[in-house]
Structures are given as structure tokens and as C-alpha cells.
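> Quick one: the structure is below, and I'll ask about it shortly.
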Amino acid sequence: MRDPGPVMPGNDPPARKWGMLAIVSAGFVAMTVNWFDISTGFDAIGEEYGKAIPDVAFLISVFVAAYGILHIPGGLLATKWGLRRTLALGLAIEAAGALMSATSASFAQLVLWRAVAGAGASVFAAVGIAAVSIWFRDHAHALALGVSSAAFSVGTALGLYAFADLTDAAGWRTSVVVGGVLCLAVAAASALFFRVPRGAGSLAGVQITRDGLRQALFNKDIWLYGLAFFGAYGSYLGASQLISGYGEDRHLPGGQVGAAAFLIGVAGVPGSIAAGWLADRYLSPRLLFAAGAVLEAVSLACVPLSGPHTFWIPAFGVGFMFNFVFAIWQTVPGSMRGLAPENIGTAVGLMLTISAVGGFVLPWAFGLITDGPGYTAAWTFLAVVSAVTVAFCLFTRAGSRASAPSSGASRAPLPGGAEARPH
């Protein structure tokens, strides 16, 4: 029998948690739309600023780099200021970066504003996962995080596919403005309507303590799961943004290339929900996580083996399995004993920071390998890294300790460190 970890107070109407999930999920849609919509204007941006496409692609790297550096500060900010204000702040910063991108008079300015947008997304991401976890730690935890992960996929698909039509019709500046306005609207909704569970006063903001930092930042399992997702996370971020260019380079039919670009994003919707449903009911989350990462690696290896009529199949597999793994991975901090609710965001931030290094390094390495041995070797490299790094999860600890008291309720030292629930 699984230990569900500390249970949040149950004085709220049963429907309220689903309303909070809807607000956070809308935030993930807005966050990822503003992450990926810029890529639909790369040709126009390159022409306007006199840049080659490889140079314009730096806009992806700078967003991901900024996205990777503020997860932990965002979690600490949520501890200090509370979840609601931090959720809204992250989305508002990303919206500002998107809106200001449209005013850029030079490529250097555009790079700066894309970095600002990435920083806002970084603050929101870890806190968004924590915001779902604190409402669902006692029931349907993996399913709820599967739904929010599906929202991530919906935003990716909209940004890469639907916003392409908007960019073609109205230009890249209008496209990023629409994305920014959407993000700002969801930020306002989060500030006005998001609430924490009744009786969980620490989630509205408490002092940051050494015990809290130890719970979140010096937990062996948090580090191991971060490293375990390094390959699968970075490979997906690279594949989702490079698969269209690869298909065009192979002169594959336009319909197949378009389908692959769409499916690598939208396939995460059923993948996330399937993972949550299975993890809550039947199988070990650790087993599902490892199996999903290996299957993502298999899908990556099959990309260069696909033909002109099957190119969409491995793309679907990569998108489905990445989000399958992502949904389960997100449950780890919220399922740990010895981790107070207000410190979940910081723990998630550490995991995301470790994995985000892969999101920066692996697409860069893919480009270097493509210029050398070629595309087949580059896709194989992504597959191997995804399969190898997942082995870190096999070293996570089983067993549990007593749940950590909230910092708002007690400042007593914790014994040892936090440990994961049995898998």
C-alpha cells in the first residue's frame, strides 16, 4: 500500500480542487504558447534582422537558458510570498517579455525580451506543479498532474501549429502580442481566483528556514530524479523544435512534416492522462517512469528510420512518452515524506533546474553532431542519452519517515532528510 504523504486539510468543497487545477492548467497552456510561438516567425525574423536561421534559433536557447535558472528562486519566493502571488507574478513577467518582444528594434533587444519571458516561465513552472500537488496529495495526485502536464502539451501544440497560421496572416509581432495578452489574462485570473486549501496557512507565505532548505535542496532522491529526467527532457525539447526542419531537409511530404510537428506536441495530452491514471491505480510510479523514458528513447531512435509515409509515428511516440514520463516525474516531491507543503515548489524547482540543463545542452549537441556525422547519429545520440540517464531513478530510496511539519506550525529540526514513498 502506498504512503500518500502528508494530507492537506479537507475543509474545502470537493469541487474546489478541480477549479484550482483548471486555473493552473490554463497557466501551463499560456506559458508554453509563449515559449513556442516565436519559432513560427523565424523566417520573418531572420529576414527582418538579417540573420541566418541558425542564428535566429538562438532565441530558443536563450529562453531555455533563462527558463532553467529561476526555478529554485521561484520556489523560495512561493515559500515566502505564497503560491497565489508567485503564480501570478511568473505569468505576468512572461507576458511582459512576450509583449515587449513585439517592440524590439534590434535582434539584441529581441534576445533580451525572450530571456525575460523565459525567466517568468521559470518562476511559474515549479510553483504551478506545487500548486496542483498541494490540492491533490491525498487523492488523484498523478492524474491531476497528468492533466496539468496535458495542458503543457496543448500549449506546445498551439504555439507550434495554431500560431503558425496567425503568424502567416498577421506577422510575427502580432502573434507574440496575442500570446502575451493570453498570458497576462491568465496571470490576472490566478491573482484573483487561485486559493490554497483551508487550514494550510503556511502556503500563503512563511519564513524561509534552514530546515526548509534542507528538505528541498539536500534530498538525495530529488537530485536523482532530476538527473534521471535529464535525457528525456532535453531530448524532447530538442526534438519538438527540430523535427520540422529535419523533415524538410529530408524532403519529406509537407503533410507528413506538419503532422509530425503537430503530433509531437498534442500526443502528450493522452500520454499525460494515461500516466496519471495508471500511476494512481495499478503500477509503481518508478517503474512507469523508467519504462516511459526507455520507450521515448526507442521513439527517438526510430525518427531517422521512418519513411515518407511513417514520419508521424515516431513523432507521436516521442510526444506521448515524454509527457507520460513528465506527469509521473512531477508527483515525486508532493509524494515525499519529510517535505513540508510550502517547500514542494523549491524541491520541484531543483528537479526542473537539473533537467533544464539537458534542455540547453542536448539541442546544442544535436546541432554539432548533425554538422559532423549527420542526422542519424544525432537522433541516436538523443535516444542513448535518454535511455542511459533514466537509470539514476533506480538508486532512489524506498521507505519513508514521518511527515515534515509546516514551517508555519513548527520550527523543530527534521531527522535526517526527506525520503520518497515506497515505489
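Scheme for the C-alpha cells: letters A, B, ... for chains in order shown; per-chain residue numbers from 1; ligand numbers from 1 in order shown.
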Find the spatial neighbours of A:Val390, counting only C-alpha atoms, within a cut-off of 7 Å - ignore same-chain residues fewer than 5 positions away - and output them as an MDAnalysis selection string.
chainID A and resid 228:229 290 293
> Restricted to N, CA, C and O atoms, what would the selected residues look like written as an mmCIF file, in the first residue's frame?

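So the final result, stored in selection_30.cif, reads:
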```
data_model
loop_
_atom_site.group_PDB
_atom_site.id
_atom_site.type_symbol
_atom_site.label_atom_id
_atom_site.label_comp_id
_atom_site.auth_asym_id
_atom_site.auth_seq_id
_atom_site.Cartn_x
_atom_site.Cartn_y
_atom_site.Cartn_z
ATOM 1 N N ALA A 228 17.714 11.736 -13.562
ATOM 2 C CA ALA A 228 17.056 10.678 -14.338
ATOM 3 C C ALA A 228 16.258 11.241 -15.500
ATOM 4 O O ALA A 228 16.071 10.575 -16.527
ATOM 5 N N PHE A 229 15.760 12.472 -15.365
ATOM 6 C CA PHE A 229 14.942 13.080 -16.417
ATOM 7 C C PHE A 229 15.768 13.953 -17.355
ATOM 8 O O PHE A 229 15.239 14.501 -18.321
ATOM 9 N N ALA A 290 10.569 4.812 -15.511
ATOM 10 C CA ALA A 290 11.695 4.213 -16.226
ATOM 11 C C ALA A 290 11.263 3.631 -17.568
ATOM 12 O O ALA A 290 11.927 3.842 -18.593
ATOM 13 N N ALA A 293 10.567 6.435 -20.144
ATOM 14 C CA ALA A 293 11.777 7.078 -20.668
ATOM 15 C C ALA A 293 12.471 6.190 -21.695
ATOM 16 O O ALA A 293 12.986 6.676 -22.712
#
```
> Give me, as a PyMOL selection string, the residues of stretch 126-239 of chain A that a backbone DSSP run labels alpha helix (DSSP H).
chain A and resi 126-136+141-157+163-170+172-193+210-217+220-228+230-239
> Using the selection just defined, write its residues with C-alpha atoms as an mmCIF file, in the first residue's frame.

```
data_model
loop_
_atom_site.group_PDB
_atom_site.id
_atom_site.type_symbol
_atom_site.label_atom_id
_atom_site.label_comp_id
_atom_site.auth_asym_id
_atom_site.auth_seq_id
_atom_site.Cartn_x
_atom_site.Cartn_y
_atom_site.Cartn_z
ATOM 1 C CA ALA A 126 7.859 24.864 -10.441
ATOM 2 C CA VAL A 127 5.215 26.760 -8.486
ATOM 3 C CA GLY A 128 2.482 25.535 -10.833
ATOM 4 C CA ILE A 129 3.403 21.910 -10.184
ATOM 5 C CA ALA A 130 3.439 22.582 -6.439
ATOM 6 C CA ALA A 131 0.052 24.328 -6.661
ATOM 7 C CA VAL A 132 -1.508 21.183 -8.121
ATOM 8 C CA SER A 133 0.270 18.883 -5.672
ATOM 9 C CA ILE A 134 -0.962 20.669 -2.541
ATOM 10 C CA TRP A 135 -4.573 20.221 -3.633
ATOM 11 C CA PHE A 136 -4.256 16.566 -4.690
ATOM 12 C CA HIS A 141 -2.329 13.091 -7.369
ATOM 13 C CA ALA A 142 -0.809 11.632 -10.537
ATOM 14 C CA LEU A 143 -4.000 12.124 -12.540
ATOM 15 C CA ALA A 144 -4.207 15.815 -11.594
ATOM 16 C CA LEU A 145 -0.583 16.376 -12.544
ATOM 17 C CA GLY A 146 -1.276 14.423 -15.725
ATOM 18 C CA VAL A 147 -3.994 16.951 -16.557
ATOM 19 C CA SER A 148 -1.670 19.923 -15.955
ATOM 20 C CA SER A 149 1.022 18.188 -17.989
ATOM 21 C CA ALA A 150 -1.533 17.710 -20.769
ATOM 22 C CA ALA A 151 -2.091 21.471 -20.633
ATOM 23 C CA PHE A 152 1.649 21.885 -21.234
ATOM 24 C CA SER A 153 1.212 19.761 -24.374
ATOM 25 C CA VAL A 154 -1.821 21.720 -25.538
ATOM 26 C CA GLY A 155 0.139 24.962 -25.224
ATOM 27 C CA THR A 156 3.069 23.445 -27.129
ATOM 28 C CA ALA A 157 0.812 22.311 -29.969
ATOM 29 C CA PHE A 163 0.090 30.208 -34.064
ATOM 30 C CA ALA A 164 1.786 29.434 -37.380
ATOM 31 C CA ASP A 165 -1.444 30.424 -39.147
ATOM 32 C CA LEU A 166 -1.680 33.608 -37.090
ATOM 33 C CA THR A 167 1.941 34.460 -37.903
ATOM 34 C CA ASP A 168 1.356 33.864 -41.615
ATOM 35 C CA ALA A 169 -1.759 36.041 -41.576
ATOM 36 C CA ALA A 170 -0.703 38.920 -39.327
ATOM 37 C CA TRP A 172 5.284 37.519 -36.016
ATOM 38 C CA ARG A 173 4.889 40.663 -33.902
ATOM 39 C CA THR A 174 1.113 40.337 -33.793
ATOM 40 C CA SER A 175 1.487 36.643 -32.984
ATOM 41 C CA VAL A 176 3.673 37.240 -29.928
ATOM 42 C CA VAL A 177 1.371 40.055 -28.761
ATOM 43 C CA VAL A 178 -1.634 37.707 -28.845
ATOM 44 C CA GLY A 179 0.343 35.152 -26.834
ATOM 45 C CA GLY A 180 1.398 37.812 -24.351
ATOM 46 C CA VAL A 181 -2.158 39.073 -23.860
ATOM 47 C CA LEU A 182 -3.334 35.499 -23.238
ATOM 48 C CA CYS A 183 -0.594 35.045 -20.635
ATOM 49 C CA LEU A 184 -1.458 38.321 -18.930
ATOM 50 C CA ALA A 185 -5.139 37.373 -18.743
ATOM 51 C CA VAL A 186 -4.330 34.067 -17.048
ATOM 52 C CA ALA A 187 -1.981 35.879 -14.648
ATOM 53 C CA ALA A 188 -4.867 38.123 -13.629
ATOM 54 C CA ALA A 189 -7.190 35.137 -13.202
ATOM 55 C CA SER A 190 -4.592 33.419 -10.989
ATOM 56 C CA ALA A 191 -4.221 36.511 -8.802
ATOM 57 C CA LEU A 192 -7.980 36.895 -8.421
ATOM 58 C CA PHE A 193 -9.228 33.325 -8.099
ATOM 59 C CA ARG A 210 17.376 26.196 7.191
ATOM 60 C CA ASP A 211 15.217 23.139 7.819
ATOM 61 C CA GLY A 212 13.065 24.018 4.837
ATOM 62 C CA LEU A 213 16.096 24.479 2.607
ATOM 63 C CA ARG A 214 17.474 21.147 3.755
ATOM 64 C CA GLN A 215 14.193 19.398 2.991
ATOM 65 C CA ALA A 216 14.064 20.762 -0.556
ATOM 66 C CA LEU A 217 17.668 21.169 -1.691
ATOM 67 C CA LYS A 220 19.146 12.679 -2.452
ATOM 68 C CA ASP A 221 16.043 11.468 -4.267
ATOM 69 C CA ILE A 222 15.257 14.933 -5.628
ATOM 70 C CA TRP A 223 18.726 15.052 -7.173
ATOM 71 C CA LEU A 224 18.481 11.521 -8.556
ATOM 72 C CA TYR A 225 15.099 12.110 -10.185
ATOM 73 C CA GLY A 226 16.363 15.378 -11.645
ATOM 74 C CA LEU A 227 19.295 13.546 -13.233
ATOM 75 C CA ALA A 228 17.056 10.678 -14.338
ATOM 76 C CA PHE A 230 17.939 14.940 -17.880
ATOM 77 C CA GLY A 231 17.991 12.994 -21.146
ATOM 78 C CA ALA A 232 14.277 12.555 -21.779
ATOM 79 C CA TYR A 233 13.569 16.226 -21.010
ATOM 80 C CA GLY A 234 16.360 17.688 -23.108
ATOM 81 C CA SER A 235 15.742 15.310 -25.997
ATOM 82 C CA TYR A 236 12.077 16.247 -26.175
ATOM 83 C CA LEU A 237 12.782 19.975 -26.134
ATOM 84 C CA GLY A 238 15.232 19.483 -28.972
ATOM 85 C CA ALA A 239 13.079 17.087 -30.974
#
```
> Measure the distance from atom CA of A:Ala391 to atom CA of A:Ala378 in Å and round it to one decimal.
21.1 Å
> Could you pull the residues within 8 Å of stretch 71-76 of chain A, counting only C-alpha atoms, minus those fewer than 5 positions along the same chain, as a list in words?
Thr86, Ser122, Val123, Phe124, Ala125, Ala126, Val127, Ile208, Asn343, Ile344, Gly345, Thr346, Ala347, Val348, Gly349, Leu350, Leu352 and Thr353 of chain A
> Taking all heavy atoms for each residue, export the selection above as a short mmCIF file (atom, residue, chain, number, x, y, z; two decimals), in the first residue's frame.

```cif
data_model
loop_
_atom_site.label_atom_id
_atom_site.label_comp_id
_atom_site.auth_asym_id
_atom_site.auth_seq_id
_atom_site.Cartn_x
_atom_site.Cartn_y
_atom_site.Cartn_z
N THR A 86 2.88 34.21 -6.32
CA THR A 86 4.01 33.79 -7.14
C THR A 86 3.55 33.24 -8.49
O THR A 86 4.20 33.47 -9.52
CB THR A 86 4.86 32.76 -6.39
OG1 THR A 86 5.14 33.24 -5.07
CG2 THR A 86 6.17 32.50 -7.10
N SER A 122 10.04 30.32 -15.89
CA SER A 122 10.79 29.56 -14.90
C SER A 122 10.16 29.69 -13.52
O SER A 122 10.03 28.70 -12.78
CB SER A 122 12.24 30.07 -14.87
OG SER A 122 13.02 29.34 -13.95
N VAL A 123 9.78 30.91 -13.15
CA VAL A 123 9.14 31.13 -11.85
C VAL A 123 7.82 30.37 -11.78
O VAL A 123 7.50 29.72 -10.77
CB VAL A 123 8.91 32.63 -11.61
CG1 VAL A 123 8.04 32.86 -10.38
CG2 VAL A 123 10.26 33.34 -11.44
N PHE A 124 7.03 30.43 -12.85
CA PHE A 124 5.70 29.81 -12.83
C PHE A 124 5.77 28.28 -12.79
O PHE A 124 4.97 27.64 -12.09
CB PHE A 124 4.89 30.24 -14.05
CG PHE A 124 3.59 29.50 -14.18
CD1 PHE A 124 2.48 29.90 -13.44
CD2 PHE A 124 3.47 28.39 -15.01
CE1 PHE A 124 1.28 29.21 -13.53
CE2 PHE A 124 2.27 27.69 -15.10
CZ PHE A 124 1.17 28.11 -14.36
N ALA A 125 6.69 27.67 -13.55
CA ALA A 125 6.64 26.23 -13.78
C ALA A 125 6.69 25.41 -12.49
O ALA A 125 5.83 24.56 -12.24
CB ALA A 125 7.76 25.81 -14.72
N ALA A 126 7.72 25.65 -11.67
CA ALA A 126 7.86 24.86 -10.44
C ALA A 126 6.71 25.14 -9.48
O ALA A 126 6.18 24.21 -8.84
CB ALA A 126 9.19 25.18 -9.76
N VAL A 127 6.29 26.39 -9.40
CA VAL A 127 5.21 26.76 -8.49
C VAL A 127 3.88 26.19 -8.97
O VAL A 127 3.03 25.81 -8.17
CB VAL A 127 5.15 28.29 -8.34
CG1 VAL A 127 4.06 28.70 -7.37
CG2 VAL A 127 6.49 28.83 -7.86
N ILE A 208 11.50 31.59 5.30
CA ILE A 208 12.38 30.54 4.77
C ILE A 208 13.35 30.14 5.89
O ILE A 208 13.99 30.99 6.50
CB ILE A 208 13.15 31.05 3.54
CG1 ILE A 208 12.16 31.39 2.41
CG2 ILE A 208 14.17 30.02 3.07
CD1 ILE A 208 12.81 32.10 1.24
N ASN A 343 7.40 23.77 0.96
CA ASN A 343 8.72 23.57 0.35
C ASN A 343 8.66 22.73 -0.91
O ASN A 343 9.71 22.48 -1.53
CB ASN A 343 9.66 22.90 1.37
CG ASN A 343 9.90 23.79 2.58
OD1 ASN A 343 10.06 25.00 2.45
ND2 ASN A 343 9.90 23.20 3.77
N ILE A 344 7.47 22.31 -1.32
CA ILE A 344 7.36 21.48 -2.53
C ILE A 344 7.83 22.26 -3.75
O ILE A 344 8.54 21.73 -4.62
CB ILE A 344 5.90 21.00 -2.73
CG1 ILE A 344 5.52 20.03 -1.62
CG2 ILE A 344 5.75 20.31 -4.08
CD1 ILE A 344 4.06 19.60 -1.67
N GLY A 345 7.46 23.53 -3.85
CA GLY A 345 7.85 24.32 -5.01
C GLY A 345 9.35 24.41 -5.18
O GLY A 345 9.87 24.33 -6.30
N THR A 346 10.08 24.57 -4.10
CA THR A 346 11.54 24.65 -4.18
C THR A 346 12.13 23.31 -4.60
O THR A 346 13.09 23.27 -5.40
CB THR A 346 12.13 25.09 -2.83
OG1 THR A 346 11.50 26.31 -2.43
CG2 THR A 346 13.62 25.31 -2.93
N ALA A 347 11.57 22.21 -4.09
CA ALA A 347 12.05 20.88 -4.48
C ALA A 347 11.79 20.63 -5.96
O ALA A 347 12.66 20.12 -6.69
CB ALA A 347 11.38 19.80 -3.62
N VAL A 348 10.59 20.98 -6.43
CA VAL A 348 10.30 20.86 -7.86
C VAL A 348 11.25 21.73 -8.66
O VAL A 348 11.74 21.34 -9.73
CB VAL A 348 8.84 21.26 -8.15
CG1 VAL A 348 8.57 21.28 -9.65
CG2 VAL A 348 7.86 20.30 -7.47
N GLY A 349 11.53 22.93 -8.13
CA GLY A 349 12.45 23.83 -8.82
C GLY A 349 13.83 23.23 -9.00
O GLY A 349 14.46 23.39 -10.05
N LEU A 350 14.32 22.52 -7.98
CA LEU A 350 15.62 21.87 -8.10
C LEU A 350 15.59 20.80 -9.18
O LEU A 350 16.50 20.72 -10.03
CB LEU A 350 16.03 21.26 -6.76
CG LEU A 350 17.32 20.44 -6.77
CD1 LEU A 350 18.50 21.27 -7.23
CD2 LEU A 350 17.59 19.85 -5.37
N LEU A 352 13.59 20.58 -11.77
CA LEU A 352 13.47 21.22 -13.08
C LEU A 352 14.79 21.87 -13.50
O LEU A 352 15.15 21.85 -14.69
CB LEU A 352 12.37 22.27 -13.04
CG LEU A 352 10.92 21.76 -13.09
CD1 LEU A 352 9.94 22.89 -12.81
CD2 LEU A 352 10.62 21.12 -14.45
N THR A 353 15.51 22.44 -12.55
CA THR A 353 16.79 23.08 -12.87
C THR A 353 17.79 22.07 -13.39
O THR A 353 18.48 22.31 -14.39
CB THR A 353 17.35 23.81 -11.63
OG1 THR A 353 16.42 24.82 -11.22
CG2 THR A 353 18.69 24.45 -11.94
#
```
> So that I can check the surroundings of A:Phe42, please list as a ChimeraX atom specification every protein, DNA and RNA residue that reaches within 8 Å of it, counting only C-alpha atoms and ignoring chain neighbours fewer than 4 positions away.
/A:38,46,53,56-57
> Take the residues from that selection and put them in a file with C-alpha atoms, as a short mmCIF file (atom, residue, chain, number, x, y, z; two decimals), in the first residue's frame.

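Below is the file result_26.cif, written as the result:
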```cif
data_model
loop_
_atom_site.label_atom_id
_atom_site.label_comp_id
_atom_site.auth_asym_id
_atom_site.auth_seq_id
_atom_site.Cartn_x
_atom_site.Cartn_y
_atom_site.Cartn_z
CA ILE A 38 8.20 32.67 -31.51
CA GLY A 46 15.74 36.31 -39.88
CA ILE A 53 18.14 30.61 -39.27
CA VAL A 56 17.64 33.06 -35.08
CA ALA A 57 17.36 29.67 -33.37
#
```
> Which residue is closest to A:Glu48? Choose from A:Pro197, A:Gly358, A:Gly171, A:Pro285 and count only C-alpha atoms.
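Comparing A:Pro197, A:Gly358, A:Gly171, A:Pro285 against A:Glu48, the winner is A:Gly171.
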> Kindly indicate which residue among A:Pro13, A:Gly41, A:Gly120, A:Gly68 lies nearest to A:Gly27, using only C-alpha atoms for the distances.
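That would be A:Gly120, the residue with the smallest distance to A:Gly27.
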> Between atom CA of A:Leu89 and atom CA of A:Leu110, what is the spacing in Å?
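Here the two named atoms are 21.3 Å from each other.
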> Excluding same-chain residues fewer than 2 positions from A:Pro314, what lies within 9 Å of it counting only C-alpha atoms, as a list in words?
Ala260, Ile264, Glu296, Val298, Ser299, Leu300, Ala301, Cys302, Val303, Ser306, Thr310, Phe311, Trp312, Phe316, Gly317, Val318 and Gly319 of chain A
> For A:Ala377, list every protein, DNA or RNA residue within 12 Å, evaluated using only C-alpha atoms, and leave out those in the same chain fewer than 6 positions away; present the list as a PyMOL selection string.
chain A and resi 300-305+365-371+383-384
> In Å, rounded to a single decimal, give me how far atom CA of A:Ala275 is from atom CA of A:Ala327.
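Pair atom CA of A:Ala327 / atom CA of A:Ala275 returns 6.5 Å.
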> Fewer than 5 positions away in the same chain doesn't count, so skip those; otherwise give me all residues within 7 Å of A:Phe194, counting only C-alpha atoms, as a ChimeraX atom specification.
/A:20,23,84
